[in-house]
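Chemist: First, the structure itself, so that you have it in front of you.
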Amino acid sequence: MPTRTRFTTWRPLATAAIAVLMAAFLTPAAAHAAPRESQPVYSYANAIREAVWVDTGLDADGDGKTDRVAVDIVRPREPAQHHRRVPVIMDASPYYSCCGRGNESQKKTYDANGDVVQMPLFYDNYFVPRGYAFVGVDLAGTNRSDGCVDVGGRSDIQSAKAVVDWLNGRARAYTTRTGTVRATANWTNGRTGMIGKSWDGTIANGVAATGVKGLKTIVPISAISSWYDYYFAKGAPLYDSGPDWLSDYVESPGARAQCAAVQQRIVAGAPRTGDWTPFWTERDYVKDAGKVRASVFLVHGMQDLNVRTKHFGQWWDALAKRGVERKIWLSQTGHVDPFDYRRGAWVDTLHRWFDHELLGYDNGVDREPMADIERHPDQWVTSTIWPPRGTATATLRPAAGTQPGVGALGLTRGSGTATFTDNPQLSETDWAAQIDKTTPDKAGFITKPLTRDLRLSGSSKVTVTATPTTPTAHLSAVLVDLGPDTVRDYADAAEGITTLTDRSCWGASTSGDSACFRSTAAKTASVDYTVFSRGWADLGNYASDRKGVPLTPGRAYTITLDLAATDHVVPAGHRLALIVAGTDKDLIDPPADKPTLTLDLSRTSARVMLVGGAAAFARAASGKASATASPRRLDGVRGPSGTHRVPGPAGQGG
């Protein structure tokens, strides 16, 4: 992929616009110098709080009127009094009423006039005093908005895009949900940044993929890039329900009563077969990465088993190919907001990012390393670009060992076969725990103890040739770091954090909206191994990623599994393992049958992204073979949880 040592140069504002911004945000004594950081010079308590309803131009609920979405606004009063315009930070969400946002599940609250009192999260508390407006949008069909939820489709995306259009003078809004009095956005310069976690961040991705003018940057946190990949992996179902369950979960009672037709279209468009349909094409933002005008500051947990890391990997790669200005943070957590694992650094970096992208301040954030990566709990490293220079594909090949199912992993093509039987009651943690033992449920392939650190960075693939005994079969492939470590306990209910009793404050407060949030700390686990990348597929999709067919027992099939993006160092002294097995319990659903599969090792390989490529692997794996395999069961985090069917509505997931 194309790489750059720094971000693209910030898009300069016109000289007159810079002068206006300097006058708005600097004291007279400091106005001679170019600003580098916005300051909290405006009153949060006296901020303007208002609501408007933006016309989306759609009539999803079929009531004969175009749908209006509710937009709650908090903006500084002082610039408006002097006719100075401010940029906007926007979070469009389905969760403001049904489920809450953030670690404390905050919901919007309102006063008697219907104006917002509590806006969830810290964005308004922190940024409004610094001269930004904050806008919280209720997606169509949720909270106070008209319309229907269509789970990432046209209605969802248009809910937010129409607001960006309104902020830039291209759409209509009204002061009430049903009235005719128009509302104008003459208080903003139209420069908008979208932020949000999970579904909210997904909307930011989708709106950016429309190429809408005025959207200058997005900050998608743990966000979906293609909704098919939230529900399936090459035909293998990741959950036992589809998007119809999710739309019903978040819709307001009023919308639910009017949206039966939309719900039926969702059911019909997303069959549980795992086949690709036009429904999924509409919800694939990756294909439209070429339309993205906004810069992207992407954040994801490398152990996120809800919005799995394939989402950020394929989105990042597509943006990179098109030269989009971008930055990335990768943590060891699961589905957790950076405010809850690296709070101070996150607020500071986000502040400088928005100052740079929305105010045009030359504060140097574009010249800093592109990537921040959590290598150990609370220990971060940086990369000038990501993946790092020198990252190249190394083709690793499995070979049979002295024990059945316990083979070797190297650069030389192997021969022979390995056989396993799908056991839907076992997961990746069960396979890894007994990697050095012959077990009937997996085929494992292991390097010698490494003599040097080996860094895997980016998205990898595993190609297998397998012969099934049944007409249906699912496959899993995982990469494992075999060696002792202390990691964030991503399999815990809190996914790598512990919420404490004390609070820290980030911005200004009012009696109805506190800027003080409960502190957190890393929740860690001592382990003997770490599963750090995963991929799945239905073997029936061997000929097409988009359509599966029944298998012929006894026939060999070749299929490639996409391994989730990661950045992981296997330290010297540890071993790298590839495991191929059937159903990964609670991460994919089992097939209709219980197949035994035989791998042709000469036609099975892992193409992994290594810093230094194949040469780095050859150097690191050149040591002596391991001693006799350990008879003990290795300890890791607990097995995956099957409870994630919602992209982050509340709690740690919010």
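Labels used: A, B, ... for chains in the order of the structure tokens, numbers from 1 for residues in each chain, and numbers from 1 for ligands as shown.
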Ile435 of chain A: which residues within 9 Å, counting only C-alpha atoms, same-chain residues fewer than 5 positions away excluded, as a ChimeraX atom specification?

Modeler: /A:405-406,430,442-446,482,577,579,633-634

Chemist: Keeping all heavy atoms for every residue in the selection just given, could you write it to a file as an mmCIF file, in the first residue's frame?

Modeler:
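As a result, out-v6.cif now contains:
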data_model
loop_
_atom_site.group_PDB
_atom_site.id
_atom_site.type_symbol
_atom_site.label_atom_id
_atom_site.label_comp_id
_atom_site.auth_asym_id
_atom_site.auth_seq_id
_atom_site.Cartn_x
_atom_site.Cartn_y
_atom_site.Cartn_z
ATOM 1 N N GLY A 405 -1.414 -33.738 14.595
ATOM 2 C CA GLY A 405 -2.019 -32.466 14.980
ATOM 3 C C GLY A 405 -1.100 -31.505 15.671
ATOM 4 O O GLY A 405 -1.518 -30.418 16.075
ATOM 5 N N VAL A 406 0.169 -31.865 15.838
ATOM 6 C CA VAL A 406 1.157 -30.974 16.450
ATOM 7 C C VAL A 406 2.315 -30.858 15.471
ATOM 8 O O VAL A 406 3.270 -31.643 15.501
ATOM 9 C CB VAL A 406 1.648 -31.490 17.814
ATOM 10 C CG1 VAL A 406 2.596 -30.483 18.459
ATOM 11 C CG2 VAL A 406 0.476 -31.778 18.732
ATOM 12 N N ASP A 430 -9.453 -23.073 24.059
ATOM 13 C CA ASP A 430 -9.269 -24.511 24.297
ATOM 14 C C ASP A 430 -8.188 -25.073 23.378
ATOM 15 O O ASP A 430 -7.353 -25.881 23.805
ATOM 16 C CB ASP A 430 -10.588 -25.256 24.065
ATOM 17 C CG ASP A 430 -11.693 -24.801 24.991
ATOM 18 O OD1 ASP A 430 -11.561 -24.997 26.214
ATOM 19 O OD2 ASP A 430 -12.682 -24.236 24.493
ATOM 20 N N LYS A 442 -8.357 -29.937 16.618
ATOM 21 C CA LYS A 442 -7.579 -28.868 15.991
ATOM 22 C C LYS A 442 -6.322 -29.419 15.364
ATOM 23 O O LYS A 442 -5.849 -30.512 15.695
ATOM 24 C CB LYS A 442 -7.216 -27.793 17.017
ATOM 25 C CG LYS A 442 -6.431 -28.286 18.230
ATOM 26 C CD LYS A 442 -4.946 -28.016 18.121
ATOM 27 C CE LYS A 442 -4.174 -28.332 19.373
ATOM 28 N NZ LYS A 442 -4.029 -29.761 19.675
ATOM 29 N N ALA A 443 -5.781 -28.620 14.433
ATOM 30 C CA ALA A 443 -4.457 -28.882 13.885
ATOM 31 C C ALA A 443 -3.591 -27.677 14.209
ATOM 32 O O ALA A 443 -3.931 -26.544 13.841
ATOM 33 C CB ALA A 443 -4.526 -29.104 12.376
ATOM 34 N N GLY A 444 -2.501 -27.915 14.919
ATOM 35 C CA GLY A 444 -1.640 -26.827 15.346
ATOM 36 C C GLY A 444 -0.255 -26.923 14.719
ATOM 37 O O GLY A 444 0.282 -28.029 14.543
ATOM 38 N N PHE A 445 0.329 -25.767 14.400
ATOM 39 C CA PHE A 445 1.638 -25.714 13.757
ATOM 40 C C PHE A 445 2.446 -24.616 14.441
ATOM 41 O O PHE A 445 1.997 -23.476 14.552
ATOM 42 C CB PHE A 445 1.479 -25.444 12.263
ATOM 43 C CG PHE A 445 0.516 -26.392 11.599
ATOM 44 C CD1 PHE A 445 -0.807 -26.020 11.403
ATOM 45 C CD2 PHE A 445 0.924 -27.665 11.220
ATOM 46 C CE1 PHE A 445 -1.711 -26.895 10.829
ATOM 47 C CE2 PHE A 445 0.027 -28.557 10.635
ATOM 48 C CZ PHE A 445 -1.292 -28.174 10.441
ATOM 49 N N ILE A 446 3.666 -24.962 14.899
ATOM 50 C CA ILE A 446 4.393 -24.119 15.832
ATOM 51 C C ILE A 446 5.825 -23.917 15.359
ATOM 52 O O ILE A 446 6.469 -24.847 14.874
ATOM 53 C CB ILE A 446 4.404 -24.775 17.241
ATOM 54 C CG1 ILE A 446 3.025 -25.310 17.608
ATOM 55 C CG2 ILE A 446 4.905 -23.801 18.292
ATOM 56 C CD1 ILE A 446 3.039 -26.307 18.738
ATOM 57 N N LEU A 482 2.859 -17.975 21.803
ATOM 58 C CA LEU A 482 3.038 -18.948 22.881
ATOM 59 C C LEU A 482 4.181 -18.502 23.779
ATOM 60 O O LEU A 482 5.353 -18.581 23.400
ATOM 61 C CB LEU A 482 3.324 -20.336 22.305
ATOM 62 C CG LEU A 482 2.197 -20.961 21.487
ATOM 63 C CD1 LEU A 482 2.686 -22.217 20.783
ATOM 64 C CD2 LEU A 482 1.007 -21.285 22.381
ATOM 65 N N ALA A 577 2.381 -19.685 16.682
ATOM 66 C CA ALA A 577 1.593 -20.849 16.278
ATOM 67 C C ALA A 577 0.460 -20.441 15.358
ATOM 68 O O ALA A 577 -0.136 -19.364 15.509
ATOM 69 C CB ALA A 577 1.031 -21.564 17.504
ATOM 70 N N ILE A 579 -3.163 -22.145 14.250
ATOM 71 C CA ILE A 579 -4.118 -23.219 14.535
ATOM 72 C C ILE A 579 -5.236 -23.149 13.514
ATOM 73 O O ILE A 579 -5.785 -22.074 13.252
ATOM 74 C CB ILE A 579 -4.698 -23.102 15.958
ATOM 75 C CG1 ILE A 579 -3.593 -23.189 17.007
ATOM 76 C CG2 ILE A 579 -5.750 -24.186 16.206
ATOM 77 C CD1 ILE A 579 -4.069 -22.976 18.430
ATOM 78 N N ARG A 633 -1.650 -28.068 30.634
ATOM 79 C CA ARG A 633 -2.558 -27.186 29.912
ATOM 80 C C ARG A 633 -2.121 -25.747 30.152
ATOM 81 O O ARG A 633 -1.901 -25.330 31.290
ATOM 82 C CB ARG A 633 -3.989 -27.402 30.416
ATOM 83 C CG ARG A 633 -5.040 -26.563 29.691
ATOM 84 C CD ARG A 633 -6.419 -26.796 30.287
ATOM 85 N NE ARG A 633 -7.407 -25.946 29.640
ATOM 86 C CZ ARG A 633 -8.141 -26.297 28.587
ATOM 87 N NH1 ARG A 633 -7.987 -27.506 28.068
ATOM 88 N NH2 ARG A 633 -9.012 -25.467 28.056
ATOM 89 N N LEU A 634 -1.999 -24.971 29.083
ATOM 90 C CA LEU A 634 -1.563 -23.585 29.200
ATOM 91 C C LEU A 634 -2.725 -22.697 29.616
ATOM 92 O O LEU A 634 -3.885 -22.959 29.281
ATOM 93 C CB LEU A 634 -0.989 -23.108 27.867
ATOM 94 C CG LEU A 634 0.178 -23.928 27.303
ATOM 95 C CD1 LEU A 634 0.628 -23.345 25.966
ATOM 96 C CD2 LEU A 634 1.343 -23.981 28.279
#

Chemist: Residues within 7 Å of Asp481 of chain A, please, as a PyMOL selection string. Count only C-alpha atoms; anything in the same chain fewer than 4 positions from it doesn't count.

Modeler: chain A and resi 529-531+570+574-577

Chemist: My list of candidates is A:Val637, A:Ala620, A:Ala60, A:Leu246. Which is closest to Leu454 of chain A when distances are computed with only C-alpha atoms?

Modeler: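 Distance minimum relative to Leu454 of chain A lands on A:Ala620.
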
Chemist: As a count of residues only, please: the residues near segment 128-139 of chain A (cut-off 9 Å, only C-alpha atoms, same-chain neighbours under 5 positions excluded).

Modeler: 50

Chemist: Measuring atom to atom with only C-alpha atoms, identify which of A:Thr419, A:Thr583, A:Gln81, A:Ser222 is nearest to Asn186 of chain A.

Modeler: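 Of all the options, A:Gln81 lies closest to Asn186 of chain A.
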
Chemist: Compare A:Leu121, A:Val608, A:Leu539, A:Ile385 by their minimum atom-to-atom distance to Asp337 of chain A, counting only C-alpha atoms, and give me the closest one.

Modeler: A:Leu121

Chemist: Determine the nearest neighbour of Val262 of chain A from the options A:Phe354, A:Arg49, A:Leu215, A:Asp248, counting only C-alpha atoms.

Modeler: A:Asp248

Chemist: Hey, what's within 6 Å of Val296 of chain A if we count only C-alpha atoms and toss same-chain stuff fewer than 3 positions away? As a PDB file with N, CA, C and O atoms, in the first residue's frame, please?

Modeler:
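Output file selection00.pdb follows:
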ATOM      1  N   THR A 217     -13.322  15.991   8.974  1.00  0.00           N
ATOM      2  CA  THR A 217     -12.605  14.896   9.623  1.00  0.00           C
ATOM      3  C   THR A 217     -13.609  13.984  10.300  1.00  0.00           C
ATOM      4  O   THR A 217     -14.713  14.408  10.659  1.00  0.00           O
ATOM      5  N   ILE A 218     -13.223  12.713  10.470  1.00  0.00           N
ATOM      6  CA  ILE A 218     -14.019  11.772  11.266  1.00  0.00           C
ATOM      7  C   ILE A 218     -13.088  11.068  12.238  1.00  0.00           C
ATOM      8  O   ILE A 218     -11.903  10.861  11.953  1.00  0.00           O
ATOM      9  N   VAL A 219     -13.649  10.692  13.396  1.00  0.00           N
ATOM     10  CA  VAL A 219     -12.916   9.939  14.408  1.00  0.00           C
ATOM     11  C   VAL A 219     -13.747   8.707  14.753  1.00  0.00           C
ATOM     12  O   VAL A 219     -14.508   8.698  15.725  1.00  0.00           O
ATOM     13  N   ARG A 326      -4.625  10.447   7.548  1.00  0.00           N
ATOM     14  CA  ARG A 326      -5.118   9.509   8.542  1.00  0.00           C
ATOM     15  C   ARG A 326      -4.139   9.350   9.706  1.00  0.00           C
ATOM     16  O   ARG A 326      -2.944   9.623   9.583  1.00  0.00           O
TER      17      ARG A 326
END

Chemist: Name the residues in contact with Asp528 of chain A at a cut-off of 7 Å, using only C-alpha atoms, excluding same-chain residues fewer than 6 positions from it; report them as a list of chain:residue names.

Modeler: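 The contact residues come out as A:Leu482, A:Gly483, A:Pro484, A:Asp485, A:Leu634, A:Asp635, A:Gly636.
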
Chemist: Going by DSSP on the backbone, which residues of segment 273-519 of chain A come out as helix (DSSP H, G or I)? List them as a ChimeraX atom specification.

Modeler: /A:278-282,286-291,310-321,338-340,343-359,365-367,428-433

Chemist: Take the residues just selected and output them with C-alpha atoms as a CSV table (one decimal), in the first residue's frame.

Modeler:
chain,number,residue,atom,x,y,z
A,278,PRO,CA,-27.8,-5.8,-2.4
A,279,PHE,CA,-28.6,-5.1,1.2
A,280,TRP,CA,-25.0,-5.6,2.1
A,281,THR,CA,-23.7,-3.7,-0.9
A,282,GLU,CA,-25.6,-0.6,0.4
A,286,VAL,CA,-15.1,0.3,2.0
A,287,LYS,CA,-16.1,0.2,-1.7
A,288,ASP,CA,-16.7,4.0,-1.5
A,289,ALA,CA,-13.4,4.9,0.2
A,290,GLY,CA,-12.4,6.8,-3.0
A,291,LYS,CA,-15.2,9.3,-2.2
A,310,LYS,CA,-11.2,-6.8,10.2
A,311,HIS,CA,-13.3,-3.7,10.1
A,312,PHE,CA,-10.5,-1.2,10.8
A,313,GLY,CA,-8.0,-3.2,8.7
A,314,GLN,CA,-9.9,-3.2,5.5
A,315,TRP,CA,-11.0,0.5,6.0
A,316,TRP,CA,-7.5,1.6,6.7
A,317,ASP,CA,-6.1,-0.2,3.7
A,318,ALA,CA,-8.7,1.3,1.4
A,319,LEU,CA,-8.1,4.8,2.7
A,320,ALA,CA,-4.3,4.4,2.4
A,321,LYS,CA,-4.6,3.4,-1.2
A,338,PRO,CA,-9.9,5.4,24.6
A,339,PHE,CA,-11.4,7.8,27.2
A,340,ASP,CA,-11.5,4.8,29.4
A,343,ARG,CA,-7.8,9.4,29.2
A,344,GLY,CA,-5.4,12.2,29.5
A,345,ALA,CA,-3.4,11.4,26.3
A,346,TRP,CA,-6.7,10.9,24.4
A,347,VAL,CA,-8.3,14.2,25.4
A,348,ASP,CA,-5.1,16.0,24.6
A,349,THR,CA,-4.6,14.3,21.2
A,350,LEU,CA,-8.2,14.7,20.2
A,351,HIS,CA,-8.1,18.4,21.2
A,352,ARG,CA,-5.1,19.0,19.0
A,353,TRP,CA,-6.6,16.9,16.1
A,354,PHE,CA,-9.8,18.9,16.1
A,355,ASP,CA,-7.9,22.2,16.4
A,356,HIS,CA,-5.8,21.2,13.4
A,357,GLU,CA,-8.6,19.9,11.2
A,358,LEU,CA,-11.5,22.2,12.1
A,359,LEU,CA,-9.7,25.4,13.2
A,365,VAL,CA,-0.2,16.9,15.1
A,366,ASP,CA,0.2,16.2,11.4
A,367,ARG,CA,3.9,15.7,11.9
A,428,GLU,CA,-9.7,-20.8,20.3
A,429,THR,CA,-8.7,-20.8,24.0
A,430,ASP,CA,-9.3,-24.5,24.3
A,431,TRP,CA,-7.2,-25.2,21.2
A,432,ALA,CA,-4.3,-22.9,22.3
A,433,ALA,CA,-4.3,-24.3,25.8
